[in-house]
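A.B. asks: This is target.pdb (PDB, N, CA and C atoms, pLDDT in the B column).
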```
ATOM      1  N   MET A   4     103.618  80.839 103.307  1.00 83.00           N
ATOM      2  CA  MET A   4     104.619  80.637 102.278  1.00 83.00           C
ATOM      3  C   MET A   4     104.682  81.891 101.404  1.00 83.00           C
ATOM      4  N   ASN A   5     105.882  82.303 101.046  1.00 90.00           N
ATOM      5  CA  ASN A   5     106.075  83.455 100.173  1.00 90.00           C
ATOM      6  C   ASN A   5     106.378  83.008  98.751  1.00 90.00           C
ATOM      7  N   THR A   6     105.971  83.821  97.790  1.00 91.00           N
ATOM      8  CA  THR A   6     106.269  83.570  96.386  1.00 91.00           C
ATOM      9  C   THR A   6     106.525  84.903  95.693  1.00 91.00           C
ATOM     10  N   ALA A   7     107.380  84.885  94.689  1.00 94.00           N
ATOM     11  CA  ALA A   7     107.647  86.081  93.894  1.00 94.00           C
ATOM     12  C   ALA A   7     106.654  86.113  92.734  1.00 94.00           C
ATOM     13  N   ILE A   8     105.970  87.238  92.607  1.00 95.00           N
ATOM     14  CA  ILE A   8     105.015  87.441  91.524  1.00 95.00           C
ATOM     15  C   ILE A   8     105.613  88.466  90.570  1.00 95.00           C
ATOM     16  N   ILE A   9     105.698  88.111  89.304  1.00 96.00           N
ATOM     17  CA  ILE A   9     106.255  88.988  88.276  1.00 96.00           C
ATOM     18  C   ILE A   9     105.089  89.549  87.469  1.00 96.00           C
ATOM     19  N   THR A  10     105.016  90.870  87.371  1.00 95.00           N
ATOM     20  CA  THR A  10     103.932  91.493  86.616  1.00 95.00           C
ATOM     21  C   THR A  10     104.458  92.037  85.292  1.00 95.00           C
ATOM     22  N   PHE A  11     103.551  92.197  84.342  1.00 96.00           N
ATOM     23  CA  PHE A  11     103.892  92.607  82.990  1.00 96.00           C
ATOM     24  C   PHE A  11     102.953  93.706  82.517  1.00 96.00           C
ATOM     25  N   ASP A  12     103.453  94.553  81.621  1.00 94.00           N
ATOM     26  CA  ASP A  12     102.606  95.592  81.034  1.00 94.00           C
ATOM     27  C   ASP A  12     101.679  95.039  79.966  1.00 94.00           C
ATOM     28  N   THR A  13     102.149  94.005  79.261  1.00 94.00           N
ATOM     29  CA  THR A  13     101.354  93.482  78.150  1.00 94.00           C
ATOM     30  C   THR A  13     101.224  91.968  78.238  1.00 94.00           C
ATOM     31  N   THR A  14     100.193  91.459  77.618  1.00 94.00           N
ATOM     32  CA  THR A  14     100.004  90.015  77.533  1.00 94.00           C
ATOM     33  C   THR A  14     101.145  89.374  76.749  1.00 94.00           C
ATOM     34  N   THR A  15     101.648  90.069  75.756  1.00 95.00           N
ATOM     35  CA  THR A  15     102.771  89.565  74.962  1.00 95.00           C
ATOM     36  C   THR A  15     103.988  89.315  75.843  1.00 95.00           C
ATOM     37  N   ASP A  16     104.270  90.232  76.767  1.00 95.00           N
ATOM     38  CA  ASP A  16     105.398  90.057  77.679  1.00 95.00           C
ATOM     39  C   ASP A  16     105.169  88.862  78.603  1.00 95.00           C
ATOM     40  N   ALA A  17     103.950  88.703  79.088  1.00 96.00           N
ATOM     41  CA  ALA A  17     103.621  87.567  79.950  1.00 96.00           C
ATOM     42  C   ALA A  17     103.788  86.251  79.197  1.00 96.00           C
ATOM     43  N   MET A  18     103.355  86.215  77.948  1.00 95.00           N
ATOM     44  CA  MET A  18     103.480  85.007  77.137  1.00 95.00           C
ATOM     45  C   MET A  18     104.950  84.707  76.821  1.00 95.00           C
ATOM     46  N   ALA A  19     105.767  85.752  76.689  1.00 95.00           N
ATOM     47  CA  ALA A  19     107.207  85.553  76.469  1.00 95.00           C
ATOM     48  C   ALA A  19     107.824  84.852  77.671  1.00 95.00           C
ATOM     49  N   MET A  20     107.381  85.204  78.869  1.00 96.00           N
ATOM     50  CA  MET A  20     107.872  84.537  80.074  1.00 96.00           C
ATOM     51  C   MET A  20     107.458  83.075  80.080  1.00 96.00           C
ATOM     52  N   GLU A  21     106.220  82.812  79.713  1.00 95.00           N
ATOM     53  CA  GLU A  21     105.745  81.433  79.669  1.00 95.00           C
ATOM     54  C   GLU A  21     106.543  80.622  78.650  1.00 95.00           C
ATOM     55  N   ASP A  22     106.789  81.189  77.476  1.00 95.00           N
ATOM     56  CA  ASP A  22     107.562  80.508  76.447  1.00 95.00           C
ATOM     57  C   ASP A  22     108.988  80.254  76.932  1.00 95.00           C
ATOM     58  N   PHE A  23     109.597  81.247  77.573  1.00 96.00           N
ATOM     59  CA  PHE A  23     110.950  81.085  78.101  1.00 96.00           C
ATOM     60  C   PHE A  23     111.003  79.937  79.104  1.00 96.00           C
ATOM     61  N   SER A  24     110.028  79.854  79.980  1.00 94.00           N
ATOM     62  CA  SER A  24     110.050  78.819  81.020  1.00 94.00           C
ATOM     63  C   SER A  24     109.955  77.409  80.430  1.00 94.00           C
ATOM     64  N   LYS A  25     109.275  77.279  79.311  1.00 94.00           N
ATOM     65  CA  LYS A  25     109.148  75.967  78.667  1.00 94.00           C
ATOM     66  C   LYS A  25     110.486  75.444  78.157  1.00 94.00           C
ATOM     67  N   HIS A  26     111.419  76.362  77.882  1.00 93.00           N
ATOM     68  CA  HIS A  26     112.711  75.996  77.313  1.00 93.00           C
ATOM     69  C   HIS A  26     113.857  76.195  78.297  1.00 93.00           C
ATOM     70  N   SER A  27     113.540  76.287  79.570  1.00 93.00           N
ATOM     71  CA  SER A  27     114.564  76.494  80.588  1.00 93.00           C
ATOM     72  C   SER A  27     114.174  75.734  81.853  1.00 93.00           C
ATOM     73  N   ASP A  28     114.985  75.883  82.870  1.00 89.00           N
ATOM     74  CA  ASP A  28     114.673  75.210  84.133  1.00 89.00           C
ATOM     75  C   ASP A  28     113.973  76.139  85.117  1.00 89.00           C
ATOM     76  N   VAL A  29     113.427  77.242  84.623  1.00 91.00           N
ATOM     77  CA  VAL A  29     112.699  78.187  85.464  1.00 91.00           C
ATOM     78  C   VAL A  29     111.280  77.661  85.676  1.00 91.00           C
ATOM     79  N   SER A  30     110.915  77.464  86.928  1.00 89.00           N
ATOM     80  CA  SER A  30     109.583  76.951  87.207  1.00 89.00           C
ATOM     81  C   SER A  30     108.617  78.101  87.482  1.00 89.00           C
ATOM     82  N   GLY A  31     107.354  77.806  87.331  1.00 94.00           N
ATOM     83  CA  GLY A  31     106.322  78.805  87.581  1.00 94.00           C
ATOM     84  C   GLY A  31     105.176  78.617  86.619  1.00 94.00           C
ATOM     85  N   ARG A  32     104.243  79.575  86.703  1.00 95.00           N
ATOM     86  CA  ARG A  32     103.069  79.489  85.832  1.00 95.00           C
ATOM     87  C   ARG A  32     102.418  80.857  85.736  1.00 95.00           C
ATOM     88  N   LEU A  33     101.689  81.056  84.648  1.00 96.00           N
ATOM     89  CA  LEU A  33     100.907  82.278  84.493  1.00 96.00           C
ATOM     90  C   LEU A  33      99.677  82.192  85.379  1.00 96.00           C
ATOM     91  N   ILE A  34      99.372  83.298  86.036  1.00 95.00           N
ATOM     92  CA  ILE A  34      98.207  83.372  86.916  1.00 95.00           C
ATOM     93  C   ILE A  34      97.533  84.727  86.719  1.00 95.00           C
ATOM     94  N   PRO A  35      96.268  84.848  87.085  1.00 94.00           N
ATOM     95  CA  PRO A  35      95.659  86.179  87.142  1.00 94.00           C
ATOM     96  C   PRO A  35      96.368  86.986  88.241  1.00 94.00           C
ATOM     97  N   ILE A  36      96.493  88.269  88.061  1.00 91.00           N
ATOM     98  CA  ILE A  36      97.169  89.090  89.070  1.00 91.00           C
ATOM     99  C   ILE A  36      96.414  88.994  90.395  1.00 91.00           C
ATOM    100  N   PRO A  37      97.144  88.667  91.473  1.00 86.00           N
ATOM    101  CA  PRO A  37      96.497  88.605  92.790  1.00 86.00           C
ATOM    102  C   PRO A  37      95.909  89.957  93.202  1.00 86.00           C
ATOM    103  N   ASN A  38      94.900  89.925  94.058  1.00 83.00           N
ATOM    104  CA  ASN A  38      94.227  91.151  94.502  1.00 83.00           C
ATOM    105  C   ASN A  38      95.166  92.150  95.173  1.00 83.00           C
ATOM    106  N   GLN A  39      96.260  91.651  95.783  1.00 80.00           N
ATOM    107  CA  GLN A  39      97.189  92.531  96.493  1.00 80.00           C
ATOM    108  C   GLN A  39      97.988  93.424  95.548  1.00 80.00           C
ATOM    109  N   ILE A  40      97.964  93.120  94.261  1.00 83.00           N
ATOM    110  CA  ILE A  40      98.789  93.825  93.278  1.00 83.00           C
ATOM    111  C   ILE A  40      97.875  94.394  92.192  1.00 83.00           C
ATOM    112  N   SER A  41      98.177  95.597  91.740  1.00 77.00           N
ATOM    113  CA  SER A  41      97.485  96.102  90.555  1.00 77.00           C
ATOM    114  C   SER A  41      98.547  96.429  89.519  1.00 77.00           C
ATOM    115  N   ALA A  42      98.370  95.882  88.336  1.00 71.00           N
ATOM    116  CA  ALA A  42      99.366  96.092  87.293  1.00 71.00           C
ATOM    117  C   ALA A  42      98.760  95.822  85.934  1.00 71.00           C
ATOM    118  N   GLY A  43      99.464  96.246  84.934  1.00 78.00           N
ATOM    119  CA  GLY A  43      99.205  96.182  83.517  1.00 78.00           C
ATOM    120  C   GLY A  43      98.176  95.240  82.958  1.00 78.00           C
ATOM    121  N   CYS A  44      98.607  94.105  82.465  1.00 89.00           N
ATOM    122  CA  CYS A  44      97.781  93.304  81.566  1.00 89.00           C
ATOM    123  C   CYS A  44      96.825  92.339  82.253  1.00 89.00           C
ATOM    124  N   GLY A  45      96.895  92.175  83.549  1.00 90.00           N
ATOM    125  CA  GLY A  45      96.004  91.250  84.235  1.00 90.00           C
ATOM    126  C   GLY A  45      96.593  89.869  84.447  1.00 90.00           C
ATOM    127  N   LEU A  46      97.754  89.607  83.834  1.00 94.00           N
ATOM    128  CA  LEU A  46      98.444  88.331  84.023  1.00 94.00           C
ATOM    129  C   LEU A  46      99.741  88.560  84.782  1.00 94.00           C
ATOM    130  N   ALA A  47     100.134  87.552  85.523  1.00 95.00           N
ATOM    131  CA  ALA A  47     101.393  87.610  86.263  1.00 95.00           C
ATOM    132  C   ALA A  47     102.027  86.229  86.217  1.00 95.00           C
ATOM    133  N   TRP A  48     103.293  86.168  86.567  1.00 96.00           N
ATOM    134  CA  TRP A  48     104.005  84.897  86.631  1.00 96.00           C
ATOM    135  C   TRP A  48     104.250  84.568  88.090  1.00 96.00           C
ATOM    136  N   ASP A  49     103.777  83.423  88.514  1.00 95.00           N
ATOM    137  CA  ASP A  49     104.059  82.935  89.860  1.00 95.00           C
ATOM    138  C   ASP A  49     105.379  82.177  89.772  1.00 95.00           C
ATOM    139  N   TYR A  50     106.450  82.801  90.282  1.00 92.00           N
ATOM    140  CA  TYR A  50     107.801  82.271  90.158  1.00 92.00           C
ATOM    141  C   TYR A  50     108.030  81.059  91.051  1.00 92.00           C
ATOM    142  N   GLU A  51     107.134  80.789  91.992  1.00 83.00           N
ATOM    143  CA  GLU A  51     107.206  79.647  92.899  1.00 83.00           C
ATOM    144  C   GLU A  51     108.482  79.657  93.732  1.00 83.00           C
ATOM    145  N   SER A  52     108.956  80.847  94.055  1.00 88.00           N
ATOM    146  CA  SER A  52     110.116  81.052  94.915  1.00 88.00           C
ATOM    147  C   SER A  52     109.992  82.452  95.488  1.00 88.00           C
ATOM    148  N   ASP A  53     110.623  82.693  96.628  1.00 90.00           N
ATOM    149  CA  ASP A  53     110.597  84.054  97.161  1.00 90.00           C
ATOM    150  C   ASP A  53     111.902  84.788  96.866  1.00 90.00           C
ATOM    151  N   ASP A  54     112.695  84.287  95.921  1.00 92.00           N
ATOM    152  CA  ASP A  54     113.977  84.884  95.560  1.00 92.00           C
ATOM    153  C   ASP A  54     113.766  86.008  94.542  1.00 92.00           C
ATOM    154  N   LYS A  55     113.432  87.181  95.048  1.00 94.00           N
ATOM    155  CA  LYS A  55     113.155  88.330  94.189  1.00 94.00           C
ATOM    156  C   LYS A  55     114.365  88.697  93.338  1.00 94.00           C
ATOM    157  N   ASP A  56     115.549  88.748  93.952  1.00 94.00           N
ATOM    158  CA  ASP A  56     116.757  89.114  93.206  1.00 94.00           C
ATOM    159  C   ASP A  56     117.072  88.089  92.116  1.00 94.00           C
ATOM    160  N   GLY A  57     116.864  86.812  92.422  1.00 92.00           N
ATOM    161  CA  GLY A  57     117.084  85.769  91.424  1.00 92.00           C
ATOM    162  C   GLY A  57     116.135  85.903  90.245  1.00 92.00           C
ATOM    163  N   ALA A  58     114.884  86.216  90.531  1.00 94.00           N
ATOM    164  CA  ALA A  58     113.898  86.399  89.463  1.00 94.00           C
ATOM    165  C   ALA A  58     114.279  87.572  88.577  1.00 94.00           C
ATOM    166  N   ILE A  59     114.677  88.685  89.192  1.00 95.00           N
ATOM    167  CA  ILE A  59     115.064  89.870  88.417  1.00 95.00           C
ATOM    168  C   ILE A  59     116.280  89.567  87.546  1.00 95.00           C
ATOM    169  N   SER A  60     117.243  88.836  88.080  1.00 95.00           N
ATOM    170  CA  SER A  60     118.434  88.469  87.300  1.00 95.00           C
ATOM    171  C   SER A  60     118.061  87.649  86.074  1.00 95.00           C
ATOM    172  N   ILE A  61     117.183  86.662  86.265  1.00 94.00           N
ATOM    173  CA  ILE A  61     116.755  85.823  85.141  1.00 94.00           C
ATOM    174  C   ILE A  61     116.056  86.666  84.079  1.00 94.00           C
ATOM    175  N   LEU A  62     115.181  87.546  84.506  1.00 95.00           N
ATOM    176  CA  LEU A  62     114.451  88.401  83.564  1.00 95.00           C
ATOM    177  C   LEU A  62     115.412  89.281  82.762  1.00 95.00           C
ATOM    178  N   LYS A  63     116.341  89.919  83.452  1.00 96.00           N
ATOM    179  CA  LYS A  63     117.285  90.820  82.775  1.00 96.00           C
ATOM    180  C   LYS A  63     118.227  90.068  81.851  1.00 96.00           C
ATOM    181  N   GLU A  64     118.741  88.924  82.309  1.00 95.00           N
ATOM    182  CA  GLU A  64     119.677  88.142  81.501  1.00 95.00           C
ATOM    183  C   GLU A  64     119.036  87.631  80.217  1.00 95.00           C
ATOM    184  N   ASN A  65     117.726  87.456  80.227  1.00 94.00           N
ATOM    185  CA  ASN A  65     117.027  86.906  79.076  1.00 94.00           C
ATOM    186  C   ASN A  65     116.162  87.930  78.347  1.00 94.00           C
ATOM    187  N   ASN A  66     116.375  89.199  78.675  1.00 96.00           N
ATOM    188  CA  ASN A  66     115.675  90.304  78.009  1.00 96.00           C
ATOM    189  C   ASN A  66     114.158  90.139  78.004  1.00 96.00           C
ATOM    190  N   ILE A  67     113.628  89.696  79.139  1.00 96.00           N
ATOM    191  CA  ILE A  67     112.180  89.564  79.280  1.00 96.00           C
ATOM    192  C   ILE A  67     111.659  90.829  79.940  1.00 96.00           C
ATOM    193  N   LYS A  68     110.753  91.511  79.248  1.00 96.00           N
ATOM    194  CA  LYS A  68     110.197  92.763  79.772  1.00 96.00           C
ATOM    195  C   LYS A  68     109.210  92.457  80.901  1.00 96.00           C
ATOM    196  N   TYR A  69     109.336  93.209  81.992  1.00 96.00           N
ATOM    197  CA  TYR A  69     108.445  93.030  83.138  1.00 96.00           C
ATOM    198  C   TYR A  69     108.195  94.381  83.782  1.00 96.00           C
ATOM    199  N   THR A  70     107.162  94.453  84.603  1.00 95.00           N
ATOM    200  CA  THR A  70     106.857  95.693  85.304  1.00 95.00           C
ATOM    201  C   THR A  70     107.528  95.705  86.662  1.00 95.00           C
ATOM    202  N   GLU A  71     107.253  94.683  87.464  1.00 93.00           N
ATOM    203  CA  GLU A  71     107.893  94.588  88.771  1.00 93.00           C
ATOM    204  C   GLU A  71     107.837  93.159  89.285  1.00 93.00           C
ATOM    205  N   VAL A  72     108.636  92.919  90.311  1.00 95.00           N
ATOM    206  CA  VAL A  72     108.636  91.627  90.994  1.00 95.00           C
ATOM    207  C   VAL A  72     108.262  91.925  92.449  1.00 95.00           C
ATOM    208  N   VAL A  73     107.200  91.279  92.910  1.00 93.00           N
ATOM    209  CA  VAL A  73     106.685  91.511  94.243  1.00 93.00           C
ATOM    210  C   VAL A  73     106.635  90.177  94.987  1.00 93.00           C
ATOM    211  N   VAL A  74     107.145  90.141  96.212  1.00 93.00           N
ATOM    212  CA  VAL A  74     107.047  88.937  97.018  1.00 93.00           C
ATOM    213  C   VAL A  74     105.815  89.079  97.899  1.00 93.00           C
ATOM    214  N   ILE A  75     104.921  88.080  97.807  1.00 90.00           N
ATOM    215  CA  ILE A  75     103.699  88.103  98.606  1.00 90.00           C
ATOM    216  C   ILE A  75     103.573  86.804  99.393  1.00 90.00           C
ATOM    217  N   ASP A  76     102.779  86.852 100.415  1.00 85.00           N
ATOM    218  CA  ASP A  76     102.480  85.683 101.235  1.00 85.00           C
ATOM    219  C   ASP A  76     101.211  85.031 100.684  1.00 85.00           C
ATOM    220  N   ILE A  77     101.315  83.765 100.331  1.00 75.00           N
ATOM    221  CA  ILE A  77     100.131  83.078  99.807  1.00 75.00           C
ATOM    222  C   ILE A  77      99.669  81.992 100.750  1.00 75.00           C
TER     223      ILE A  77
END
```
Translate this structure into structure tokens?
C.D. replies:
Amino acid sequence: MNTAIITFDTTTDAMAMEDFSKHSDVSGRLIPIPNQISAGCGLAWDYESDDKDGAISILKENNIKYTEVVVIDI
């Protein structure tokens, strides 16, 4: 199964994603960054979908700062 992992430079950015998801229909959860990825703050968002373009659109439309969106096999 594939999932989109969203990485952040700061914990504040990761928490902004978590707060946004609580008030929207975007599913997912904060997770420690998987071993396959190295990035900023150590937290990532498991988008629970492999729709990378959809994730990027949501992030941009809602001004959520992120480092990258990576699709991985879990």
A.B. asks: Please report the interatomic distance between CA of Tyr50 in chain A and CA of Leu33 in chain A in Å with one decimal.
C.D. replies: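 Result for CA of Tyr50 in chain A versus CA of Leu33 in chain A: 8.9 Å, one decimal.
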A.B. asks: Let me know the residues the PyMOL selection byres ((chain A and resi 30) around 7) catches in the file above, as a list in words.
C.D. replies: Ser24, Ser27, Asp28, Val29, Gly31, Arg32, Asp49, Tyr50 and Glu51 of chain A
A.B. asks: Using only C-alpha atoms, find the one residue out of A:Ala42, A:Ile61, A:Ala47, A:Val74 that sits nearest to Glu21 in chain A.
C.D. replies: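 Between A:Ala42, A:Ile61, A:Ala47, A:Val74, the residue approaching Glu21 in chain A most closely is A:Ala47.
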A.B. asks: From the list A:Ala58, A:Val73, A:Ile34, A:Ile40, which residue is nearest Ile9 in chain A when using all atoms listed in the file?
C.D. replies: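 Nearest candidate to Ile9 in chain A out of A:Ala58, A:Val73, A:Ile34, A:Ile40: A:Val73.
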A.B. asks: Expanded to explicit residues, what is the PyMOL selection byres (((chain A and resi 16 and name CA) around 10) and name CA) for this file, as a PyMOL selection string?
C.D. replies: chain A and resi 10-15+17-22+44+46-47+67-70
A.B. asks: How big is the axis-aligned box, and where does its centre sit, when it encloses all atoms of range 49-65 of chain A listed in the file and has 8 Å added on every side, reported in Å to one decimal as JSON?
C.D. replies:
```
{"center_x": 111.7, "center_y": 85.2, "center_z": 87.8, "size_x": 31.9, "size_y": 27.2, "size_z": 34.8}
```
A.B. asks: In Å, how far is it from atom C of Lys55 in chain A to atom C of Glu71 in chain A?
C.D. replies: 8.9 Å
A.B. asks: May I ask for the distance between atom C of Thr6 in chain A and atom N of Asp76 in chain A, given in Å to one decimal place?
C.D. replies: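 Between atom C of Thr6 in chain A and atom N of Asp76 in chain A the gap is 6.3 Å.
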A.B. asks: Identify all residues of chain A in alpha helix (DSSP H) (DSSP on the backbone) and supply them as a VMD selection string.
C.D. replies: chain A and resid 14 to 25 55 to 64
A.B. asks: Go ahead and save the picked residues with N, CA and C atoms, as a PDB file, in the coordinates of the input.
C.D. replies:
```pdb
ATOM      1  N   THR A  14     100.193  91.459  77.618  1.00 94.00           N
ATOM      2  CA  THR A  14     100.004  90.015  77.533  1.00 94.00           C
ATOM      3  C   THR A  14     101.145  89.374  76.749  1.00 94.00           C
ATOM      4  N   THR A  15     101.648  90.069  75.756  1.00 95.00           N
ATOM      5  CA  THR A  15     102.771  89.565  74.962  1.00 95.00           C
ATOM      6  C   THR A  15     103.988  89.315  75.843  1.00 95.00           C
ATOM      7  N   ASP A  16     104.270  90.232  76.767  1.00 95.00           N
ATOM      8  CA  ASP A  16     105.398  90.057  77.679  1.00 95.00           C
ATOM      9  C   ASP A  16     105.169  88.862  78.603  1.00 95.00           C
ATOM     10  N   ALA A  17     103.950  88.703  79.088  1.00 96.00           N
ATOM     11  CA  ALA A  17     103.621  87.567  79.950  1.00 96.00           C
ATOM     12  C   ALA A  17     103.788  86.251  79.197  1.00 96.00           C
ATOM     13  N   MET A  18     103.355  86.215  77.948  1.00 95.00           N
ATOM     14  CA  MET A  18     103.480  85.007  77.137  1.00 95.00           C
ATOM     15  C   MET A  18     104.950  84.707  76.821  1.00 95.00           C
ATOM     16  N   ALA A  19     105.767  85.752  76.689  1.00 95.00           N
ATOM     17  CA  ALA A  19     107.207  85.553  76.469  1.00 95.00           C
ATOM     18  C   ALA A  19     107.824  84.852  77.671  1.00 95.00           C
ATOM     19  N   MET A  20     107.381  85.204  78.869  1.00 96.00           N
ATOM     20  CA  MET A  20     107.872  84.537  80.074  1.00 96.00           C
ATOM     21  C   MET A  20     107.458  83.075  80.080  1.00 96.00           C
ATOM     22  N   GLU A  21     106.220  82.812  79.713  1.00 95.00           N
ATOM     23  CA  GLU A  21     105.745  81.433  79.669  1.00 95.00           C
ATOM     24  C   GLU A  21     106.543  80.622  78.650  1.00 95.00           C
ATOM     25  N   ASP A  22     106.789  81.189  77.476  1.00 95.00           N
ATOM     26  CA  ASP A  22     107.562  80.508  76.447  1.00 95.00           C
ATOM     27  C   ASP A  22     108.988  80.254  76.932  1.00 95.00           C
ATOM     28  N   PHE A  23     109.597  81.247  77.573  1.00 96.00           N
ATOM     29  CA  PHE A  23     110.950  81.085  78.101  1.00 96.00           C
ATOM     30  C   PHE A  23     111.003  79.937  79.104  1.00 96.00           C
ATOM     31  N   SER A  24     110.028  79.854  79.980  1.00 94.00           N
ATOM     32  CA  SER A  24     110.050  78.819  81.020  1.00 94.00           C
ATOM     33  C   SER A  24     109.955  77.409  80.430  1.00 94.00           C
ATOM     34  N   LYS A  25     109.275  77.279  79.311  1.00 94.00           N
ATOM     35  CA  LYS A  25     109.148  75.967  78.667  1.00 94.00           C
ATOM     36  C   LYS A  25     110.486  75.444  78.157  1.00 94.00           C
ATOM     37  N   LYS A  55     113.432  87.181  95.048  1.00 94.00           N
ATOM     38  CA  LYS A  55     113.155  88.330  94.189  1.00 94.00           C
ATOM     39  C   LYS A  55     114.365  88.697  93.338  1.00 94.00           C
ATOM     40  N   ASP A  56     115.549  88.748  93.952  1.00 94.00           N
ATOM     41  CA  ASP A  56     116.757  89.114  93.206  1.00 94.00           C
ATOM     42  C   ASP A  56     117.072  88.089  92.116  1.00 94.00           C
ATOM     43  N   GLY A  57     116.864  86.812  92.422  1.00 92.00           N
ATOM     44  CA  GLY A  57     117.084  85.769  91.424  1.00 92.00           C
ATOM     45  C   GLY A  57     116.135  85.903  90.245  1.00 92.00           C
ATOM     46  N   ALA A  58     114.884  86.216  90.531  1.00 94.00           N
ATOM     47  CA  ALA A  58     113.898  86.399  89.463  1.00 94.00           C
ATOM     48  C   ALA A  58     114.279  87.572  88.577  1.00 94.00           C
ATOM     49  N   ILE A  59     114.677  88.685  89.192  1.00 95.00           N
ATOM     50  CA  ILE A  59     115.064  89.870  88.417  1.00 95.00           C
ATOM     51  C   ILE A  59     116.280  89.567  87.546  1.00 95.00           C
ATOM     52  N   SER A  60     117.243  88.836  88.080  1.00 95.00           N
ATOM     53  CA  SER A  60     118.434  88.469  87.300  1.00 95.00           C
ATOM     54  C   SER A  60     118.061  87.649  86.074  1.00 95.00           C
ATOM     55  N   ILE A  61     117.183  86.662  86.265  1.00 94.00           N
ATOM     56  CA  ILE A  61     116.755  85.823  85.141  1.00 94.00           C
ATOM     57  C   ILE A  61     116.056  86.666  84.079  1.00 94.00           C
ATOM     58  N   LEU A  62     115.181  87.546  84.506  1.00 95.00           N
ATOM     59  CA  LEU A  62     114.451  88.401  83.564  1.00 95.00           C
ATOM     60  C   LEU A  62     115.412  89.281  82.762  1.00 95.00           C
ATOM     61  N   LYS A  63     116.341  89.919  83.452  1.00 96.00           N
ATOM     62  CA  LYS A  63     117.285  90.820  82.775  1.00 96.00           C
ATOM     63  C   LYS A  63     118.227  90.068  81.851  1.00 96.00           C
ATOM     64  N   GLU A  64     118.741  88.924  82.309  1.00 95.00           N
ATOM     65  CA  GLU A  64     119.677  88.142  81.501  1.00 95.00           C
ATOM     66  C   GLU A  64     119.036  87.631  80.217  1.00 95.00           C
TER      67      GLU A  64
END
```
A.B. asks: Which one of A:Ile36, A:Phe23, A:Ile75, A:Ala7 sits closest to Asp54 in chain A if you count only N, CA and C atoms?
C.D. replies: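 Going through A:Ile36, A:Phe23, A:Ile75, A:Ala7 one by one, the smallest distance to Asp54 in chain A is for A:Ala7.
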A.B. asks: Using DSSP assignments from the backbone, pull out every residue in chain A that falls under strand (DSSP E) and give it to me as a ChimeraX atom specification.
C.D. replies: /A:5-10,32-35,46-49,71-76
A.B. asks: List as a PyMOL selection string: which residues have an atom within 6 Å of (102.6, 80.0, 101.4), counting only C-alpha atoms?
C.D. replies: chain A and resi 4-5+76-77
